[in-house]
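See below for model19.txt, which holds compact mmCIF, C-alpha atoms.
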# COMPACT_ATOMS: atom_id res chain seq x y z
CA MET A 281 15.57 133.84 -95.15
CA ARG A 282 16.36 131.00 -92.77
CA PRO A 283 20.02 130.26 -92.03
CA ARG A 284 21.51 127.06 -93.39
CA ILE A 285 24.16 124.77 -92.00
CA THR A 286 26.42 122.56 -94.07
CA GLY A 287 27.46 120.19 -91.32
CA TRP A 288 27.00 119.09 -87.76
CA LYS A 289 28.75 116.75 -85.39
CA GLN A 290 28.13 115.36 -81.96
CA ARG A 291 30.28 114.52 -78.96
CA SER A 292 28.46 112.36 -76.43
CA GLY A 293 29.22 111.29 -72.88
CA LEU A 294 30.10 114.63 -71.34
CA GLY A 295 29.40 116.17 -67.95
CA LEU A 296 28.98 119.89 -67.30
CA VAL A 297 30.51 121.22 -64.08
CA MET A 298 28.84 124.52 -63.19
CA LEU A 299 30.85 127.00 -61.12
CA ASN A 300 28.27 129.72 -60.56
CA GLY A 301 29.30 132.20 -57.90
CA TRP A 302 33.02 131.42 -58.01
CA SER A 303 35.78 133.99 -58.39
CA TRP A 304 38.16 134.06 -61.36
CA ALA A 305 41.01 133.20 -59.00
CA GLY A 306 39.03 130.16 -57.90
CA VAL A 307 38.44 129.05 -61.48
CA SER A 308 42.14 129.53 -62.18
CA SER A 309 43.01 127.32 -59.17
CA LEU A 310 40.65 124.62 -60.41
CA SER A 311 42.11 124.79 -63.92
CA ARG A 312 45.58 124.23 -62.43
CA ASP A 313 44.30 121.12 -60.64
CA LEU A 314 42.65 119.83 -63.81
CA ALA A 315 45.78 120.40 -65.89
CA ALA A 316 47.89 118.64 -63.26
CA ALA A 317 45.53 115.67 -63.53
CA ARG A 318 45.67 115.98 -67.35
CA LEU A 319 41.96 116.52 -67.70
CA ASN A 320 40.94 118.16 -70.95
CA ILE A 321 38.14 120.72 -71.14
CA PRO A 322 36.45 120.35 -74.55
CA PHE A 323 34.00 123.17 -73.88
CA LEU A 324 34.23 126.09 -71.52
CA LEU A 325 31.86 128.97 -70.90
CA LEU A 326 32.62 131.37 -68.09
CA GLN A 327 31.40 134.91 -67.77
CA GLU A 328 31.36 137.69 -65.27
CA GLY A 329 27.97 138.39 -63.81
CA GLU A 330 27.23 140.57 -60.81
CA GLY A 331 30.85 140.45 -59.72
CA ARG A 332 31.11 136.65 -59.77
CA VAL A 333 31.73 133.97 -62.35
CA GLN A 334 28.77 132.29 -64.03
CA GLY A 335 29.02 129.21 -66.22
CA GLY A 336 30.97 126.02 -66.29
CA LEU A 337 33.18 123.44 -67.98
CA ALA A 338 32.23 120.39 -70.02
CA LEU A 339 34.49 117.36 -69.80
CA THR A 340 34.12 113.66 -70.56
CA ARG A 341 31.92 112.03 -67.93
CA SER A 342 34.74 110.31 -66.07
CA ASP A 343 36.81 113.50 -66.17
CA SER A 344 33.83 115.61 -65.12
CA ARG A 345 33.45 113.55 -61.93
CA GLN A 346 37.12 114.06 -61.13
CA ALA A 347 36.68 117.74 -61.90
CA GLN A 348 33.64 117.94 -59.64
CA ASP A 349 35.61 116.29 -56.83
CA ALA A 350 38.45 118.78 -57.29
CA ALA A 351 35.98 121.66 -57.41
CA ARG A 352 34.21 120.43 -54.27
CA ARG A 353 37.51 120.28 -52.39
CA LEU A 354 38.35 123.85 -53.40
CA ALA A 355 34.83 125.03 -52.59
CA ARG A 356 34.86 123.47 -49.14
CA ASP A 357 38.37 124.76 -48.35
CA ASN A 358 37.58 128.29 -49.45
CA GLY A 359 33.91 128.70 -48.66
CA TRP A 360 32.84 128.94 -52.31
CA PRO A 361 29.51 127.68 -53.68
CA LEU A 362 29.52 123.94 -54.30
CA PRO A 363 29.76 122.98 -57.97
CA LEU A 364 26.78 121.47 -59.74
CA LEU A 365 27.36 118.55 -62.10
CA ILE A 366 24.92 118.16 -64.99
CA GLU A 367 25.27 114.79 -66.74
CA PRO A 368 25.08 113.15 -69.15
CA VAL A 369 25.24 115.89 -71.74
CA SER A 370 26.29 115.99 -75.38
CA ALA A 371 27.93 118.71 -77.41
CA LEU A 372 26.27 119.36 -80.73
CA VAL A 373 28.35 121.47 -83.10
CA LEU A 374 26.71 123.24 -86.06
CA TYR A 375 28.67 124.96 -88.81
CA PRO A 376 29.35 127.28 -90.48
CA LEU A 377 28.41 130.06 -88.12
CA GLY A 378 28.46 132.85 -90.69
CA GLY A 379 28.66 135.69 -88.18
CA ALA A 380 24.94 136.42 -88.11
CA LEU A 381 22.85 136.08 -85.00
CA ALA A 382 20.21 134.30 -87.07
CA LEU A 383 21.90 130.88 -86.69
CA PRO A 384 22.10 130.72 -82.88
CA ALA A 385 18.66 132.33 -82.66
CA GLU A 386 17.19 129.77 -85.06
CA ALA A 387 18.79 126.92 -83.12
CA LEU A 388 17.45 128.26 -79.81
CA ALA A 389 14.00 128.77 -81.29
CA ALA A 390 13.97 125.22 -82.69
CA LEU A 391 15.00 123.78 -79.35
CA ALA A 392 12.56 125.91 -77.40
CA GLY A 393 9.76 124.48 -79.55
CA THR A 394 10.61 120.99 -78.30
CA GLY A 395 11.00 121.95 -74.66
CA VAL A 396 14.73 121.22 -74.80
CA ALA A 397 16.94 124.05 -73.62
CA PRO A 398 20.70 123.93 -73.88
CA ALA A 399 22.47 123.83 -70.53
CA ALA A 400 25.07 125.96 -72.29
CA MET A 401 25.78 127.39 -75.71
CA GLY A 402 28.84 129.07 -77.16
CA THR A 403 30.34 130.10 -80.46
CA SER A 404 33.78 129.93 -81.99
CA PRO A 405 34.53 131.91 -85.16
CA ALA A 406 33.43 128.94 -87.27
CA ALA A 407 30.76 127.05 -85.36
CA LEU A 408 27.99 127.03 -82.79
CA THR A 409 28.24 124.54 -79.91
CA LEU A 410 25.17 123.48 -77.94
CA ILE A 411 25.50 121.52 -74.70
CA LEU A 412 22.33 119.47 -74.32
CA ALA A 413 21.07 116.91 -71.84
CA GLU A 414 21.32 113.53 -73.55
CA ALA A 415 17.76 112.66 -72.56
CA GLY A 416 16.49 115.38 -74.87
CA LEU A 417 19.01 114.82 -77.65
CA PRO A 418 16.82 112.82 -80.07
CA ARG A 419 14.12 115.49 -79.91
CA ALA A 420 16.73 118.22 -80.33
CA VAL A 421 18.28 116.52 -83.36
CA ARG A 422 14.86 116.13 -85.01
CA ALA A 423 13.96 119.75 -84.35
CA LEU A 424 17.28 121.10 -85.63
CA ARG A 425 17.15 118.86 -88.70
CA ARG A 426 13.70 120.18 -89.53
CA SER A 427 14.57 123.78 -88.79
CA PHE A 428 17.73 123.83 -90.91
CA GLY A 429 16.23 121.90 -93.79
CA LEU A 430 18.56 118.91 -93.52
CA PRO A 431 17.67 115.67 -95.30
CA PRO A 432 15.28 113.33 -93.46
CA GLY A 433 17.20 110.91 -91.29
CA ASP A 434 20.39 112.96 -91.35
CA THR A 435 22.17 112.70 -88.00
CA PRO A 436 25.26 114.47 -86.67
CA ARG A 437 28.54 112.63 -87.15
CA GLN A 438 29.99 111.26 -83.91
CA GLU A 439 33.28 112.93 -83.12
CA THR A 440 36.06 110.85 -81.60
CA VAL A 441 39.36 112.59 -81.14
CA SER A 442 42.30 111.39 -79.12
CA VAL A 443 45.22 113.72 -78.54
CA VAL A 444 48.36 112.55 -76.77
CA GLN A 445 50.48 115.16 -75.06
CA SER A 446 54.07 114.08 -74.62
CA GLN A 447 56.11 114.73 -71.50
CA ARG A 448 59.12 115.41 -73.69
CA ARG A 449 59.75 118.55 -75.67
CA ARG A 450 59.08 118.33 -79.37
CA GLU A 451 62.21 118.03 -81.54
CA GLY A 452 62.69 120.43 -84.44
CA MET B 27 37.78 108.26 -87.22
CA ASP B 28 40.31 108.93 -84.50
CA THR B 29 42.72 111.77 -84.81
CA VAL B 30 45.93 111.28 -82.88
CA ALA B 31 48.36 114.11 -82.42
CA VAL B 32 51.21 114.67 -79.98
CA TYR B 33 51.93 117.97 -78.26
CA LEU B 34 54.12 119.38 -75.58
CA GLU B 35 54.64 123.08 -75.93
CA ARG B 36 55.63 125.82 -73.55
CA PRO B 37 54.74 128.41 -74.62
CA VAL B 38 51.71 126.98 -76.37
CA ARG B 39 51.83 127.58 -80.11
CA THR B 40 48.87 129.32 -81.69
CA TYR B 41 47.86 130.46 -85.13
CA GLY B 42 47.67 133.95 -83.71
CA VAL B 43 46.92 136.02 -80.61
CA GLN B 44 44.85 138.90 -81.86
CA ALA B 45 42.87 141.65 -80.15
CA ARG B 46 40.00 143.52 -81.78
CA GLY B 47 38.10 146.43 -80.31
CA GLY B 48 34.90 148.32 -80.96
CA PHE B 49 32.51 145.77 -79.49
CA VAL B 50 29.76 145.89 -76.90
CA LEU B 51 28.99 142.93 -74.69
CA VAL B 52 25.26 142.71 -74.05
CA ARG B 53 23.86 140.37 -71.43
CA VAL B 54 20.16 139.60 -71.67
CA ASP B 55 18.24 138.02 -68.81
CA CYS B 56 16.00 135.38 -70.30
CA PRO B 57 14.19 132.81 -68.20
CA LEU B 58 13.53 129.64 -70.16
CA ASP B 59 9.84 130.39 -70.64
CA ARG B 60 10.72 133.58 -72.55
CA LEU B 61 13.32 131.91 -74.76
CA PRO B 62 11.02 131.12 -77.72
CA SER B 63 9.88 134.72 -78.22
CA LEU B 64 13.37 136.14 -77.73
CA ALA B 65 14.94 133.65 -80.14
CA ALA B 66 12.25 134.35 -82.73
CA VAL B 67 12.72 138.10 -82.66
CA LEU B 68 16.53 137.89 -82.77
CA GLY B 69 16.45 135.38 -85.60
CA GLY B 70 13.98 137.46 -87.56
CA ALA B 71 15.81 140.77 -87.36
CA GLN B 72 16.34 142.30 -90.81
CA PRO B 73 19.04 142.89 -91.75
CA SER B 74 20.45 140.09 -89.63
CA LEU B 75 22.43 141.23 -86.61
CA LYS B 76 26.16 140.55 -86.90
CA PHE B 77 28.05 139.33 -83.88
CA THR B 78 31.49 138.03 -82.96
CA ALA B 79 30.76 135.85 -79.95
CA CYS B 80 27.62 134.52 -78.38
CA ALA B 81 27.07 132.46 -75.26
CA ALA B 82 24.15 131.27 -73.20
CA SER B 83 23.50 129.07 -70.24
CA TRP B 84 20.50 127.99 -68.25
CA SER B 85 20.41 126.22 -64.94
CA LYS B 86 17.17 125.43 -63.09
CA GLY B 87 15.25 127.57 -65.58
CA ARG B 88 17.30 130.70 -65.01
CA GLY B 89 19.90 132.15 -67.29
CA GLY B 90 20.24 134.15 -70.40
CA LEU B 91 22.09 135.13 -73.48
CA THR B 92 25.33 137.08 -73.83
CA VAL B 93 26.22 138.57 -77.19
CA CYS B 94 29.36 140.41 -78.23
CA LEU B 95 28.60 142.54 -81.25
CA PRO B 96 29.81 145.66 -83.04
CA GLU B 97 28.82 148.90 -81.35
CA ARG B 98 26.51 149.87 -84.23
CA HIS B 99 24.38 146.74 -83.67
CA ALA B 100 24.27 146.84 -79.88
CA ALA B 101 21.54 149.48 -79.61
CA GLU B 102 19.40 147.58 -82.11
CA LEU B 103 19.76 144.37 -80.12
CA ALA B 104 18.84 146.11 -76.88
CA GLN B 105 15.77 147.67 -78.52
CA LEU B 106 14.57 144.32 -79.88
CA VAL B 107 14.98 142.74 -76.47
CA ARG B 108 13.05 145.50 -74.73
CA GLU B 109 10.27 145.35 -77.32
CA GLN B 110 9.81 141.71 -76.31
CA GLY B 111 9.58 142.67 -72.67
CA GLY B 112 13.07 141.34 -72.03
CA GLN B 113 15.66 142.93 -69.84
CA VAL B 114 19.21 143.94 -70.75
CA ALA B 115 21.05 143.08 -67.56
CA ASP B 116 24.35 144.57 -68.64
CA SER B 117 25.87 146.33 -71.61
CA ARG B 118 29.49 147.41 -71.74
CA GLU B 119 32.33 148.12 -74.14
CA ALA B 120 34.56 145.13 -74.75
CA SER B 121 37.55 143.99 -76.74
CA LEU B 122 37.95 140.49 -78.05
CA ILE B 123 41.14 138.46 -77.91
CA ASP B 124 41.18 135.31 -80.04
CA LEU B 125 43.54 132.41 -79.52
CA GLN B 126 43.38 129.56 -81.96
CA GLY B 127 45.63 126.54 -82.05
CA PRO B 128 45.72 122.95 -83.22
CA HIS B 129 43.37 120.70 -81.24
CA PHE B 130 42.86 123.35 -78.56
CA GLY B 131 39.62 121.66 -77.61
CA ASP B 132 41.26 118.26 -77.25
CA ARG B 133 44.32 119.11 -75.17
CA TRP B 134 44.59 119.52 -71.43
CA GLY B 135 46.18 122.64 -69.98
CA ILE B 136 45.06 125.21 -72.56
CA ALA B 137 42.46 126.88 -70.34
CA GLU B 138 44.88 126.73 -67.41
CA GLN B 139 47.51 128.65 -69.38
CA ALA B 140 45.00 131.32 -70.41
CA LEU B 141 43.57 131.74 -66.92
CA ALA B 142 47.04 131.86 -65.35
CA ALA B 143 48.19 134.45 -67.89
CA LEU B 144 45.19 136.66 -67.18
CA GLU B 145 45.54 136.25 -63.43
CA GLU B 146 49.22 137.20 -63.56
CA ALA B 147 48.31 140.23 -65.68
CA GLY B 148 45.67 141.27 -63.15
CA VAL B 149 42.88 140.99 -65.70
CA GLU B 150 39.48 139.50 -64.94
CA PRO B 151 37.74 138.60 -68.21
CA LEU B 152 34.18 139.57 -68.97
CA LEU B 153 33.72 136.32 -70.89
CA LEU B 154 35.93 133.31 -71.52
CA LEU B 155 34.69 130.93 -74.15
CA GLY B 156 36.46 127.76 -75.26
CA ALA B 157 34.85 125.82 -78.10
CA THR B 158 36.36 123.66 -80.86
CA HIS B 159 39.83 125.07 -81.61
CA THR B 160 39.40 128.53 -80.19
CA LEU B 161 39.62 130.41 -76.94
CA GLN B 162 37.87 133.76 -76.98
CA VAL B 163 38.54 136.22 -74.20
CA LEU B 164 36.42 139.34 -73.80
CA VAL B 165 37.99 142.05 -71.67
CA ASP B 166 37.51 145.68 -70.81
CA PRO B 167 39.23 147.71 -73.59
CA ALA B 168 41.51 149.37 -71.04
CA ALA B 169 42.83 145.94 -70.01
CA VAL B 170 43.83 144.82 -73.53
CA PRO B 171 47.55 145.75 -73.31
CA ARG B 172 47.97 143.89 -69.99
CA ALA B 173 45.94 140.91 -71.17
CA LEU B 174 47.90 140.63 -74.41
CA GLN B 175 51.20 140.91 -72.59
CA GLY B 176 50.17 138.16 -70.20
CA LEU B 177 48.78 135.87 -72.87
CA ARG B 178 51.78 136.36 -75.16
CA GLY B 179 53.99 135.19 -72.31
CA ARG B 180 52.27 131.80 -72.36
CA PHE B 181 51.06 131.54 -75.96
CA SER B 182 53.40 132.09 -78.89
CA SER B 183 52.17 133.24 -82.26
CA PRO B 184 53.38 133.66 -85.85
CA GLU B 185 53.14 137.45 -85.62
CA ALA B 186 55.59 137.36 -82.69
CA GLY B 187 57.85 134.91 -84.53
CA HIS B 188 56.96 132.09 -82.11
CA ALA B 189 59.10 131.55 -79.04
Go through the file and emit its structure as structure tokens.
Amino acid sequence: MRPRITGWKQRSGLGLVMLNGWSWAGVSSLSRDLAAARLNIPFLLLQEGEGRVQGGLALTRSDSRQAQDAARRLARDNGWPLPLLIEPVSALVLYPLGGALALPAEALAALAGTGVAPAAMGTSPAALTLILAEAGLPRAVRALRRSFGLPPGDTPRQETVSVVQSQRRREG
Amino acid sequence: MDTVAVYLERPVRTYGVQARGGFVLVRVDCPLDRLPSLAAVLGGAQPSLKFTACAASWSKGRGGLTVCLPERHAAELAQLVREQGGQVADSREASLIDLQGPHFGDRWGIAEQALAALEEAGVEPLLLLGATHTLQVLVDPAAVPRALQGLRGRFSSPEAGHA
């Protein structure tokens, strides 16, 4: 039986900064720089592979360029591989996840059939997030809609979230 | 609709900092041209394989899939992959630490706190995944006590009575 989703949403205008070949200490240094510049990381996928870090960070496009600049500086200063920026990309979030591998597998199979591969994919306990090149997004949306049996014309809701972090400690 | 929330928290408040063991982290090499057959066989497995975290990335056609799943399902996954001519690049025991908090995916500094905590604890994660409101950290089981101690120094939780 094919997996079903009950909802999906989309966050457009992102850039994916890939840090393949970095060390964890290097990634930690970059995250300090990004936090100091107050750059949020909506999606992060980093894993150990052959003794080095593989993966990257997705940020809004303007933030991703700042992040790439910061990563380039660190890479040049420390002799690390230069970061690769993939943009523009969108995050497509499908839920619920349900804990069975059938959902991510079905999503990957649907995308593979269209020639669109996610630059990155990751799960949280509740949802599956796909990071896709925006050029292939319409094809990806059609394929996923068909694969998960969603109504014709259904499109993912655009997500716009703005969070303000105060410089002052919260009262109470 | 915009959601506006205001935060400044040190330590960062979470809904919980929990560790769970008994998992295996399986990394499957999968060039893009093999993705359709791999996805089809994984999706078609009966009964469906249960997992707790899954990640994938491809760059310039190279990449693959990483799945964290209960030990009892790991051998089955590896067998399915091999039957498709795929290659299991790595398979190792892992424990999962979950951190969930309000708007974690919309606030700067969350990943920095987690990475700093792990670095101070001398723990290099096997996988760090941040999506929606959750950070998931996969570590070697032997590193769980150190990782938890480090993370609980920077993230407070209800079970610890919040800092």
query: Taking (9.7, 129.1, -62.9) in the file's coordinates, which residues come within 12 Å, counting all atoms listed in the file, written as a ChimeraX atom specification?
result: /B:56-60,85-89
- request: Pick out the chain B residues within 8 Å of chain A. Count all atoms listed in the file. Give them as a PyMOL selection string.
  value: chain B and resi 27-35+58+61-63+65-66+68-71+74-85+129+131-135+137-138+141-142+145+150-162
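In this structure, CA of Leu417 (chain A) sits 27.6 Å away from CA of Cys94 (chain B).
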Shortest interatomic distance to Pro37 (chain B) - which of B:Thr92, B:Gln72, B:Ser121, B:Ser183, counting only C-alpha atoms: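 When distances to Pro37 (chain B) are compared using only C-alpha atoms, the smallest one comes from B:Ser183.
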task: Go through A:Ala413, A:Leu424, A:Leu362, A:Leu374 one by one, measure the shortest atom-to-atom distance of each to Thr286 (chain A) using only C-alpha atoms, and give the residue with the smallest value.
output: A:Leu374
CA of Ser182 (chain B) to CA of Ala168 (chain B), straight-line distance in Å: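 Pair CA of Ala168 (chain B) / CA of Ser182 (chain B) returns 22.4 Å.
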Straight-line distance linking CA of Val52 (chain B) with CA of Leu103 (chain B), stated in Å to one decimal: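 So the answer is 8.4 Å.
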- request: Measuring atom to atom with all atoms listed in the file, identify which of B:Leu164, B:Leu177, B:Asp116, B:Leu122 is nearest to Ile136 (chain B).
  value: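 Selected residue with least distance to Ile136 (chain B): B:Leu177.
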query: B:Glu185, B:Asp55, B:Glu97, B:Glu102: which is nearest Arg118 (chain B), counting all atoms listed in the file?
result: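 That would be B:Glu97, the residue with the smallest distance to Arg118 (chain B).
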query: Pro418 (chain A): which residues within 12 Å, counting only C-alpha atoms, same-chain residues fewer than 6 positions away excluded, as a list in words?
result: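 The contact residues come out as Gln290, Ser370, Leu372, Leu391, Thr394, Val396, Leu412, Leu424, Arg425, Gly433, Asp434, Thr435 and Pro436 of chain A.
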query: Using only C-alpha atoms, which of the listed residues (B:Leu174, B:Arg180, B:Glu146, B:Leu64) sits closest to Leu106 (chain B)?
result: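 Closest to Leu106 (chain B), using only C-alpha atoms: B:Leu64.
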task: Do a neighbour search on Gly293 (chain A) at 9 Å with only C-alpha atoms, toss out local chain neighbours closer than 5 positions, and write the hits as JSON, numbers by chain.
output: {"A": [339, 340, 341, 342, 367, 368, 369, 370, 371, 414]}
field: Distance query Thr40 (chain B) at most 9 Å, only C-alpha atoms, self and fewer than 3 positions along chain excluded, as a list in words
entry: Val43, Leu125, Gln126, Gly127, Pro128, Phe181, Ser182, Ser183, Pro184 and His188 of chain B
